[in-house]
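Enquirer: Sharing model_25.txt here; it has compact mmCIF, C-alpha atoms.
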# COMPACT_ATOMS: atom_id res chain seq x y z
CA MET K 266 43.86 -153.76 72.93
CA SER K 267 44.52 -154.66 69.28
CA PHE K 268 47.64 -153.62 67.38
CA SER K 269 45.49 -151.46 65.12
CA ARG K 270 44.07 -149.62 68.13
CA ASP K 271 47.54 -149.18 69.62
CA VAL K 272 48.68 -147.51 66.40
CA LYS K 273 45.73 -145.15 66.46
CA GLU K 274 46.28 -144.32 70.14
CA GLU K 275 49.82 -143.28 69.23
CA LEU K 276 48.65 -141.22 66.26
CA PHE K 277 45.95 -139.46 68.30
CA GLN K 278 48.81 -137.92 70.29
CA VAL K 279 50.51 -136.51 67.19
CA VAL K 280 49.55 -132.86 66.74
CA PRO K 281 51.31 -131.09 63.85
CA LYS K 282 53.28 -127.97 64.69
CA SER K 283 52.36 -126.09 61.52
CA ARG K 284 48.88 -124.84 60.71
CA HIS K 285 49.07 -126.08 57.12
CA CYS K 286 49.73 -129.64 58.38
CA MET K 287 46.77 -129.39 60.75
CA VAL K 288 44.59 -128.33 57.84
CA ALA K 289 45.87 -131.30 55.81
CA GLU K 290 45.11 -133.74 58.64
CA LEU K 291 41.63 -132.28 59.01
CA ALA K 292 41.18 -132.75 55.26
CA GLY K 293 42.02 -136.44 55.61
CA ILE K 294 39.56 -136.77 58.50
CA PHE K 295 36.69 -134.83 56.89
CA VAL K 296 37.04 -136.45 53.47
CA LEU K 297 37.10 -140.02 54.79
CA GLN K 298 34.53 -139.48 57.55
CA GLY K 299 31.99 -138.14 55.08
CA LYS K 300 30.01 -134.91 55.24
CA ASP K 301 26.91 -136.61 56.66
CA SER K 302 28.65 -138.18 59.67
CA ILE K 303 31.43 -135.71 60.51
CA LYS K 304 29.16 -134.02 63.07
CA ASN K 305 28.54 -137.31 64.88
CA ILE K 306 31.95 -138.91 65.47
CA SER K 307 31.50 -141.80 67.91
CA ASP K 308 35.17 -142.29 68.80
CA ASP K 309 35.98 -140.00 71.74
CA HIS K 310 39.70 -139.97 70.98
CA LEU K 311 39.11 -139.01 67.37
CA ASN K 312 36.58 -136.42 68.49
CA ARG K 313 39.15 -134.79 70.80
CA LYS K 314 41.74 -134.85 68.02
CA VAL K 315 39.33 -133.12 65.62
CA PHE K 316 38.46 -130.35 68.09
CA THR K 317 42.12 -129.85 68.98
CA LEU K 318 42.93 -129.34 65.31
CA LEU K 319 39.88 -127.12 64.77
CA ASN K 320 40.73 -124.94 67.75
CA ASN K 321 44.32 -124.54 66.53
CA THR K 322 43.28 -123.70 62.96
CA CYS K 323 39.92 -121.93 63.27
CA ASN K 324 40.15 -120.79 66.89
CA ILE K 325 36.69 -122.17 67.66
CA GLY K 326 37.38 -122.16 71.40
CA LYS K 327 38.29 -124.97 73.78
CA ASP K 328 34.76 -125.15 75.19
CA VAL K 329 33.17 -126.09 71.85
CA ILE K 330 32.21 -129.78 71.87
CA ALA K 331 30.07 -130.03 68.74
CA ILE K 332 30.59 -129.16 65.09
CA THR K 333 27.91 -126.58 64.38
CA ASP K 334 26.81 -125.60 60.90
CA ASP K 335 28.96 -122.48 61.11
CA VAL K 336 32.03 -124.43 62.17
CA PHE K 337 31.40 -127.03 59.48
CA LEU K 338 31.05 -124.40 56.75
CA GLU K 339 34.20 -122.59 57.91
CA THR K 340 36.15 -125.85 58.01
CA LYS K 341 34.78 -126.95 54.66
CA LYS K 342 35.99 -123.70 53.12
CA MET K 343 39.37 -123.96 54.85
CA ILE K 344 40.11 -127.49 53.64
CA LYS K 345 38.52 -126.85 50.23
CA LEU K 346 35.76 -129.47 50.28
CA SER K 347 33.17 -129.74 47.53
CA GLU K 348 29.45 -130.06 48.21
CA ASP K 349 29.71 -133.83 48.10
CA GLY K 350 32.61 -133.86 50.56
CA GLN K 351 35.47 -134.34 48.08
CA LEU K 352 38.77 -132.46 48.07
CA ILE K 353 38.56 -129.67 45.49
CA ASP K 354 42.12 -128.40 45.54
CA GLU K 355 45.13 -130.62 46.32
CA ILE K 356 47.26 -127.58 47.10
CA ILE K 357 46.71 -128.16 50.82
CA ILE K 358 48.65 -131.45 50.56
CA GLN K 359 51.49 -130.27 48.32
CA GLN K 360 54.16 -130.21 51.02
CA ILE K 361 55.70 -133.47 52.26
CA CYS K 362 54.68 -132.83 55.86
CA CYS K 363 51.09 -132.17 54.73
CA LYS K 364 51.00 -135.42 52.80
CA ARG K 365 51.99 -137.25 55.98
CA ALA K 366 49.25 -135.47 57.92
CA PHE K 367 46.62 -136.20 55.27
CA ILE K 368 47.37 -139.95 55.32
CA ARG K 369 47.35 -139.92 59.13
CA GLY K 370 43.94 -138.24 59.22
CA ALA K 371 42.51 -140.70 56.70
CA PHE K 372 43.85 -143.67 58.66
CA LEU K 373 42.46 -142.43 61.98
CA VAL K 374 38.99 -142.30 60.44
CA ALA K 375 38.85 -145.34 58.18
CA GLY K 376 42.04 -147.36 58.61
CA SER K 377 43.03 -150.60 60.29
CA ILE K 378 46.03 -152.93 60.61
CA SER K 379 45.81 -156.64 61.29
CA ASP K 380 47.74 -158.32 64.11
CA PRO K 381 51.25 -158.66 62.59
CA ASN K 382 51.77 -161.90 64.52
CA LYS K 383 49.09 -163.44 62.33
CA GLY K 384 49.67 -161.65 59.03
CA TYR K 385 50.43 -158.33 57.34
CA HIS K 386 47.47 -156.25 56.20
CA PHE K 387 46.97 -152.48 56.25
CA GLU K 388 43.92 -150.80 54.77
CA ILE K 389 41.97 -147.56 54.56
CA VAL K 390 38.34 -147.84 53.43
CA CYS K 391 37.29 -144.99 51.12
CA ASN K 392 33.77 -143.94 50.17
CA THR K 393 34.58 -143.24 46.51
CA ILE K 394 37.10 -144.35 43.93
CA SER K 395 38.38 -140.75 43.62
CA GLN K 396 39.23 -140.74 47.34
CA ALA K 397 41.01 -144.07 46.99
CA ARG K 398 43.05 -142.91 43.99
CA LEU K 399 44.02 -139.68 45.73
CA LEU K 400 45.16 -141.60 48.80
CA GLN K 401 47.04 -144.09 46.63
CA LYS K 402 48.80 -141.22 44.83
CA VAL K 403 49.82 -139.53 48.07
CA MET K 404 51.16 -142.82 49.49
CA LYS K 405 53.08 -143.49 46.28
CA PHE K 406 55.00 -140.24 46.87
CA PHE K 407 56.68 -142.08 49.79
CA ASP K 408 57.39 -145.16 47.61
CA VAL K 409 54.53 -147.02 49.28
CA GLN K 410 52.82 -148.99 46.51
CA ALA K 411 49.24 -149.41 47.70
CA LYS K 412 46.58 -151.29 45.74
CA ILE K 413 42.85 -150.67 45.48
CA VAL K 414 40.05 -153.22 45.66
CA GLU K 415 36.28 -152.76 45.73
CA ARG K 416 34.47 -154.30 48.71
CA ASN K 417 30.80 -153.94 49.64
CA GLY K 418 30.41 -150.78 47.59
CA LYS K 419 33.51 -149.19 49.17
CA HIS K 420 37.01 -148.76 47.73
CA VAL K 421 39.78 -150.17 49.91
CA VAL K 422 43.37 -148.92 49.68
CA TYR K 423 45.55 -151.70 51.08
CA LEU K 424 49.08 -153.02 51.69
CA LYS K 425 50.10 -156.62 52.32
CA GLU K 426 53.89 -156.44 52.63
CA GLY K 427 55.46 -156.04 56.06
CA ALA K 428 58.14 -153.63 54.81
CA GLN K 429 55.53 -151.41 53.14
CA ILE K 430 53.40 -151.31 56.29
CA VAL K 431 56.44 -150.36 58.35
CA GLU K 432 57.12 -147.54 55.90
CA ILE K 433 53.56 -146.18 56.03
CA LEU K 434 53.73 -146.18 59.84
CA ARG K 435 56.92 -144.13 59.55
CA VAL K 436 55.17 -141.78 57.15
CA MET K 437 52.31 -141.28 59.61
CA GLU K 438 54.86 -140.65 62.40
CA ALA K 439 54.18 -143.63 64.67
CA PRO K 440 57.72 -144.58 65.82
CA HIS K 441 56.68 -146.86 68.69
CA SER K 442 54.42 -148.87 66.41
CA VAL K 443 57.22 -149.06 63.83
CA MET K 444 59.57 -150.51 66.45
CA GLU K 445 56.99 -153.04 67.65
CA LEU K 446 56.22 -154.18 64.11
CA GLU K 447 59.91 -154.41 63.20
CA ASN K 448 60.56 -156.59 66.27
CA ILE K 449 57.72 -158.91 65.27
CA ARG K 450 59.03 -159.06 61.70
CA VAL K 451 62.54 -160.00 62.88
CA VAL K 452 61.20 -162.81 65.08
CA LYS K 453 59.02 -164.14 62.25
CA GLU K 454 61.89 -164.02 59.76
CA VAL K 455 64.23 -165.87 62.15
CA ARG K 456 61.57 -168.51 62.76
CA GLY K 457 61.01 -168.85 59.03
CA THR K 458 64.74 -169.26 58.38
CA ILE K 459 65.05 -171.91 61.12
CA ASN K 460 62.01 -173.79 59.80
CA ARG K 461 63.40 -173.78 56.27
CA LYS K 462 66.75 -175.13 57.48
CA VAL K 463 65.07 -177.80 59.60
CA ASN K 464 62.87 -178.84 56.69
CA CYS K 465 65.88 -178.96 54.38
CA GLU K 466 67.90 -181.04 56.85
CA THR K 467 64.94 -183.35 57.43
CA ALA K 468 64.59 -183.86 53.68
CA ASN K 469 68.32 -184.59 53.35
CA ILE K 470 68.18 -187.08 56.22
CA GLY K 471 65.22 -188.74 54.55
CA LYS K 472 67.12 -189.07 51.28
CA THR K 473 70.16 -190.52 53.09
CA VAL K 474 68.05 -193.08 54.96
CA ASN K 475 66.15 -194.12 51.83
CA ALA K 476 69.38 -194.53 49.89
CA ALA K 477 70.94 -196.61 52.70
CA VAL K 478 67.87 -198.87 52.91
CA ARG K 479 67.97 -199.44 49.16
CA GLN K 480 71.70 -200.19 49.24
CA ILE K 481 71.30 -202.71 52.07
CA GLU K 482 68.45 -204.44 50.21
CA GLU K 483 70.65 -204.72 47.10
CA ILE K 484 73.58 -206.06 49.14
CA ASN K 485 71.36 -208.65 50.85
CA LEU K 486 70.03 -209.74 47.45
CA ILE K 487 73.56 -210.21 46.15
CA GLN K 488 74.52 -212.09 49.31
CA THR K 489 71.58 -214.44 48.91
CA LYS K 490 72.02 -215.06 45.17
CA ILE K 491 75.78 -215.30 44.65
CA GLY K 492 77.49 -214.38 47.95
CA LEU K 493 79.52 -211.27 48.65
CA GLU K 494 82.76 -213.28 48.49
CA ASN K 495 82.29 -213.61 44.75
CA LEU K 496 82.39 -209.86 44.23
CA PRO K 497 85.52 -207.88 43.35
CA GLN K 498 87.50 -206.90 46.46
CA GLN K 499 86.51 -203.20 46.27
CA LEU K 500 82.80 -204.05 46.11
CA GLN K 501 83.11 -206.58 48.94
CA GLU K 502 84.67 -203.94 51.18
CA ILE K 503 82.03 -201.26 50.57
CA ALA K 504 79.20 -203.81 50.94
CA GLN K 505 80.52 -205.07 54.28
CA ILE K 506 81.05 -201.53 55.60
CA ARG K 507 77.52 -200.52 54.58
CA LEU K 508 76.09 -203.53 56.46
CA ALA K 509 78.18 -202.63 59.52
CA TYR K 510 77.24 -198.92 59.38
CA PRO K 511 73.70 -198.72 57.96
CA ASP K 512 73.08 -195.09 59.02
CA THR K 513 76.38 -193.57 57.94
CA PRO K 514 76.44 -191.03 55.03
CA LEU K 515 78.46 -191.88 51.90
CA ALA K 516 81.26 -189.40 52.63
CA ASP K 517 81.84 -190.91 56.07
CA LEU K 518 81.72 -194.47 54.70
CA GLY K 519 84.57 -193.61 52.38
CA GLN K 520 86.75 -192.61 55.33
CA LEU K 521 86.32 -196.08 56.86
CA LEU K 522 88.03 -197.74 53.88
CA ASP K 523 91.75 -198.40 53.67
CA PRO K 524 92.85 -196.36 51.88
CA PRO K 525 90.03 -193.81 52.32
CA ILE K 526 88.11 -192.64 49.26
CA GLY K 527 85.79 -189.69 48.58
CA LYS K 528 82.01 -189.56 48.36
CA SER K 529 82.02 -189.84 44.56
CA GLY K 530 84.16 -193.00 44.75
CA VAL K 531 81.79 -194.58 47.27
CA ASN K 532 78.80 -193.64 45.13
CA HIS K 533 80.47 -195.19 42.07
CA ARG K 534 80.90 -198.53 43.90
CA PHE K 535 77.29 -198.55 45.05
CA LYS K 536 76.17 -197.95 41.46
CA LYS K 537 78.10 -201.10 40.47
CA LEU K 538 76.41 -203.05 43.27
CA ALA K 539 73.01 -201.70 42.14
CA ALA K 540 73.72 -202.86 38.57
CA ILE K 541 74.60 -206.38 39.79
CA ALA K 542 71.49 -206.52 41.97
CA LYS K 543 69.34 -205.41 39.01
CA GLU K 544 70.72 -208.24 36.85
CA LEU K 545 70.03 -210.75 39.62
Could you express the structure from this file as structure tokens?

Expert:
Amino acid sequence: MSFSRDVKEELFQVVPKSRHCMVAELAGIFVLQGKDSIKNISDDHLNRKVFTLLNNTCNIGKDVIAITDDVFLETKKMIKLSEDGQLIDEIIIQQICCKRAFIRGAFLVAGSISDPNKGYHFEIVCNTISQARLLQKVMKFFDVQAKIVERNGKHVVYLKEGAQIVEILRVMEAPHSVMELENIRVVKEVRGTINRKVNCETANIGKTVNAAVRQIEEINLIQTKIGLENLPQQLQEIAQIRLAYPDTPLADLGQLLDPPIGKSGVNHRFKKLAAIAKEL
């Protein structure tokens, strides 16, 4: 089962304790499902969730398994839907708990989350721009900064940051999914840190090797043209040590001298050798 489906399975089990929150969740479901398809929900889990909420708010009876015209009209009036299936009055989502429920209902109908092991992407596909802007506004109340993009005639409210997706899962009250996503994020961040360090160290090793190769080439040129014995004593010493220890970093080369010198001193001597080689 996909991560997105796991999240929904967890949210299907969340039934608000207060009637006003149930009404808000129903509003999210009815608005995003659309008035023409709300009577024909194909997802059995979503269907059960809808009838649980309807029974708790409208007392339609546990044996009712279809949304009749009467039930639809009663629900439409309760959640304040317009003729075209839009939310008329936002008063039903004024409370914080109701905002959570509304987002949850919308996600259960039209939302999805990508596999966090591959990338971070959360979205809810809305039928109209007004739905998308309402959802964006409600999410912003929880400091979740969603964006909207048009796709195939629909309006998609989406998030692409891992921290924001974690927060919206908290808002919708999916603690197990939050924990799973956080664990994945930690592993990915650790891997990223290790990779950056390895890449940095590899680059540094590359620079050290390239510098050593260049220095040895310059020393060999000097040896061939004039001989190392004709160099000042300090330059002779550093040249001979470099030839004896071709892979050793500058700081460590300096410790092999008598008396030892620092990295800057070693670098200064190699610059003098480089200048001589350039003249030759």

Enquirer: Between region 406-463 of chain K and region 372-388 of chain K, at 7 Å or less, what are the per-residue closest atom pairs and their distances in Å? Count only C-alpha atoms, order by chain and rising residue number, and return it as JSON lines.

Expert:
{"residue": "K:Val421", "atom": "CA", "partner": "K:Glu388", "partner_atom": "CA", "distance": 6.4}
{"residue": "K:Val422", "atom": "CA", "partner": "K:Glu388", "partner_atom": "CA", "distance": 5.5}
{"residue": "K:Tyr423", "atom": "CA", "partner": "K:Glu388", "partner_atom": "CA", "distance": 4.1}
{"residue": "K:Leu424", "atom": "CA", "partner": "K:Phe387", "partner_atom": "CA", "distance": 5.1}
{"residue": "K:Lys425", "atom": "CA", "partner": "K:His386", "partner_atom": "CA", "distance": 4.7}
{"residue": "K:Glu426", "atom": "CA", "partner": "K:Tyr385", "partner_atom": "CA", "distance": 6.1}
{"residue": "K:Gly427", "atom": "CA", "partner": "K:Tyr385", "partner_atom": "CA", "distance": 5.7}
{"residue": "K:Ile430", "atom": "CA", "partner": "K:Phe387", "partner_atom": "CA", "distance": 6.5}
{"residue": "K:Leu446", "atom": "CA", "partner": "K:Pro381", "partner_atom": "CA", "distance": 6.9}
{"residue": "K:Ile449", "atom": "CA", "partner": "K:Asn382", "partner_atom": "CA", "distance": 6.7}

Enquirer: Suppose you want the space between CA of Arg456 (chain K) and CA of Ala411 (chain K); what is it in Å?

Expert: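 Those two atoms sit 27.3 Å apart.
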
Enquirer: Please, what distance in Å, to one decimal, runs between CA of Lys345 (chain K) and CA of Ala292 (chain K)?

Expert: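 Computing it gives 8.2 Å between the two atoms.
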
Enquirer: Please return, as a compact mmCIF listing (two decimals) with C-alpha atoms, in the coordinates of the input, all polymer residues that have at least one atom within 9 Å of the point (53.7, -148.3, 71.5); use all atoms listed in the file and the file's own coordinate frame.

Expert:
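Final output, part.txt:
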# COMPACT_ATOMS: atom_id res chain seq x y z
CA ASP K 271 47.54 -149.18 69.62
CA VAL K 272 48.68 -147.51 66.40
CA GLU K 274 46.28 -144.32 70.14
CA GLU K 275 49.82 -143.28 69.23
CA ALA K 439 54.18 -143.63 64.67
CA PRO K 440 57.72 -144.58 65.82
CA HIS K 441 56.68 -146.86 68.69
CA SER K 442 54.42 -148.87 66.41
CA VAL K 443 57.22 -149.06 63.83
CA MET K 444 59.57 -150.51 66.45
CA GLU K 445 56.99 -153.04 67.65

Enquirer: Hey, what's within 8 Å of region 496-501 of chain K if we count all atoms listed in the file and toss same-chain stuff fewer than 3 positions away? As a ChimeraX atom specification, please?

Expert: /K:492-493,504-505,534-535,537-538

Enquirer: Please measure the separation of CA of Met437 (chain K) and CA of Asp354 (chain K), giving the value in Å to one decimal.

Expert: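 CA of Met437 (chain K) sits 21.6 Å away from CA of Asp354 (chain K).
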
Enquirer: List the neighbours of region 283-286 of chain K out to 7 Å using all atoms listed in the file; skip same-chain residues closer than 5 positions along the sequence, and give me the result as number ranges by chain.

Expert: K: 322, 362-363, 366

Enquirer: Around all the atoms of region 401-420 of chain K listed in the file, draw an axis-aligned box and extend it by 3 Å on each of the six sides; I want its centre and edge lengths in Å to one decimal, as lines of an AutoDock Vina configuration file.

Expert:
center_x = 43.9
center_y = -146.9
center_z = 47.3
size_x = 33.0
size_y = 20.8
size_z = 11.0

Enquirer: Can you pull out the residues contacting Val436 (chain K)? Cut-off 9 Å, using only C-alpha atoms, and skip same-chain residues under 6 positions away; I want them as a list in words.

Expert: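 Skipping anything fewer than 6 positions along the chain leaves Lys364, Arg365, Ala366, Ile368, Arg369, Met404 and Phe407 of chain K.
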
Enquirer: Rank nothing, just name the residue among K:Asp523, K:Glu482, K:Glu544, K:Glu447 nearest to Leu508 (chain K), using only C-alpha atoms.

Expert: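 Smallest distance to Leu508 (chain K) is found for K:Glu482.
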
Enquirer: Quick one: everything within 9 Å of Arg398 (chain K), counting all atoms listed in the file, minus sequence neighbours fewer than 5 positions away in the same chain. Send it as a PyMOL selection string.

Expert: chain K and resi 393+403+413+422

Enquirer: Closest to Ile470 (chain K) among K:Asn495, K:Asp512, K:Lys273, K:Ala539, using all atoms listed in the file?

Expert: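 With all atoms listed in the file as the atom set, the closest residue is K:Asp512.
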
Enquirer: Can you tell me, as a PyMOL selection string, which residues sit within 9 Å of (38.3, -134.5, 62.6) in the file's frame, using all atoms listed in the file?

Expert: chain K and resi 290-295+298+303+306+311-319+370+373-374

Enquirer: Quick one: residues within 10 Å of Pro514 (chain K), only C-alpha atoms, excluding same-chain residues fewer than 6 positions away - as a list in words?

Expert: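 With the cut-off at 10 Å, the set is Ile470, Thr473, Val474, Ala476, Ala477, Arg507 and Lys528 of chain K.
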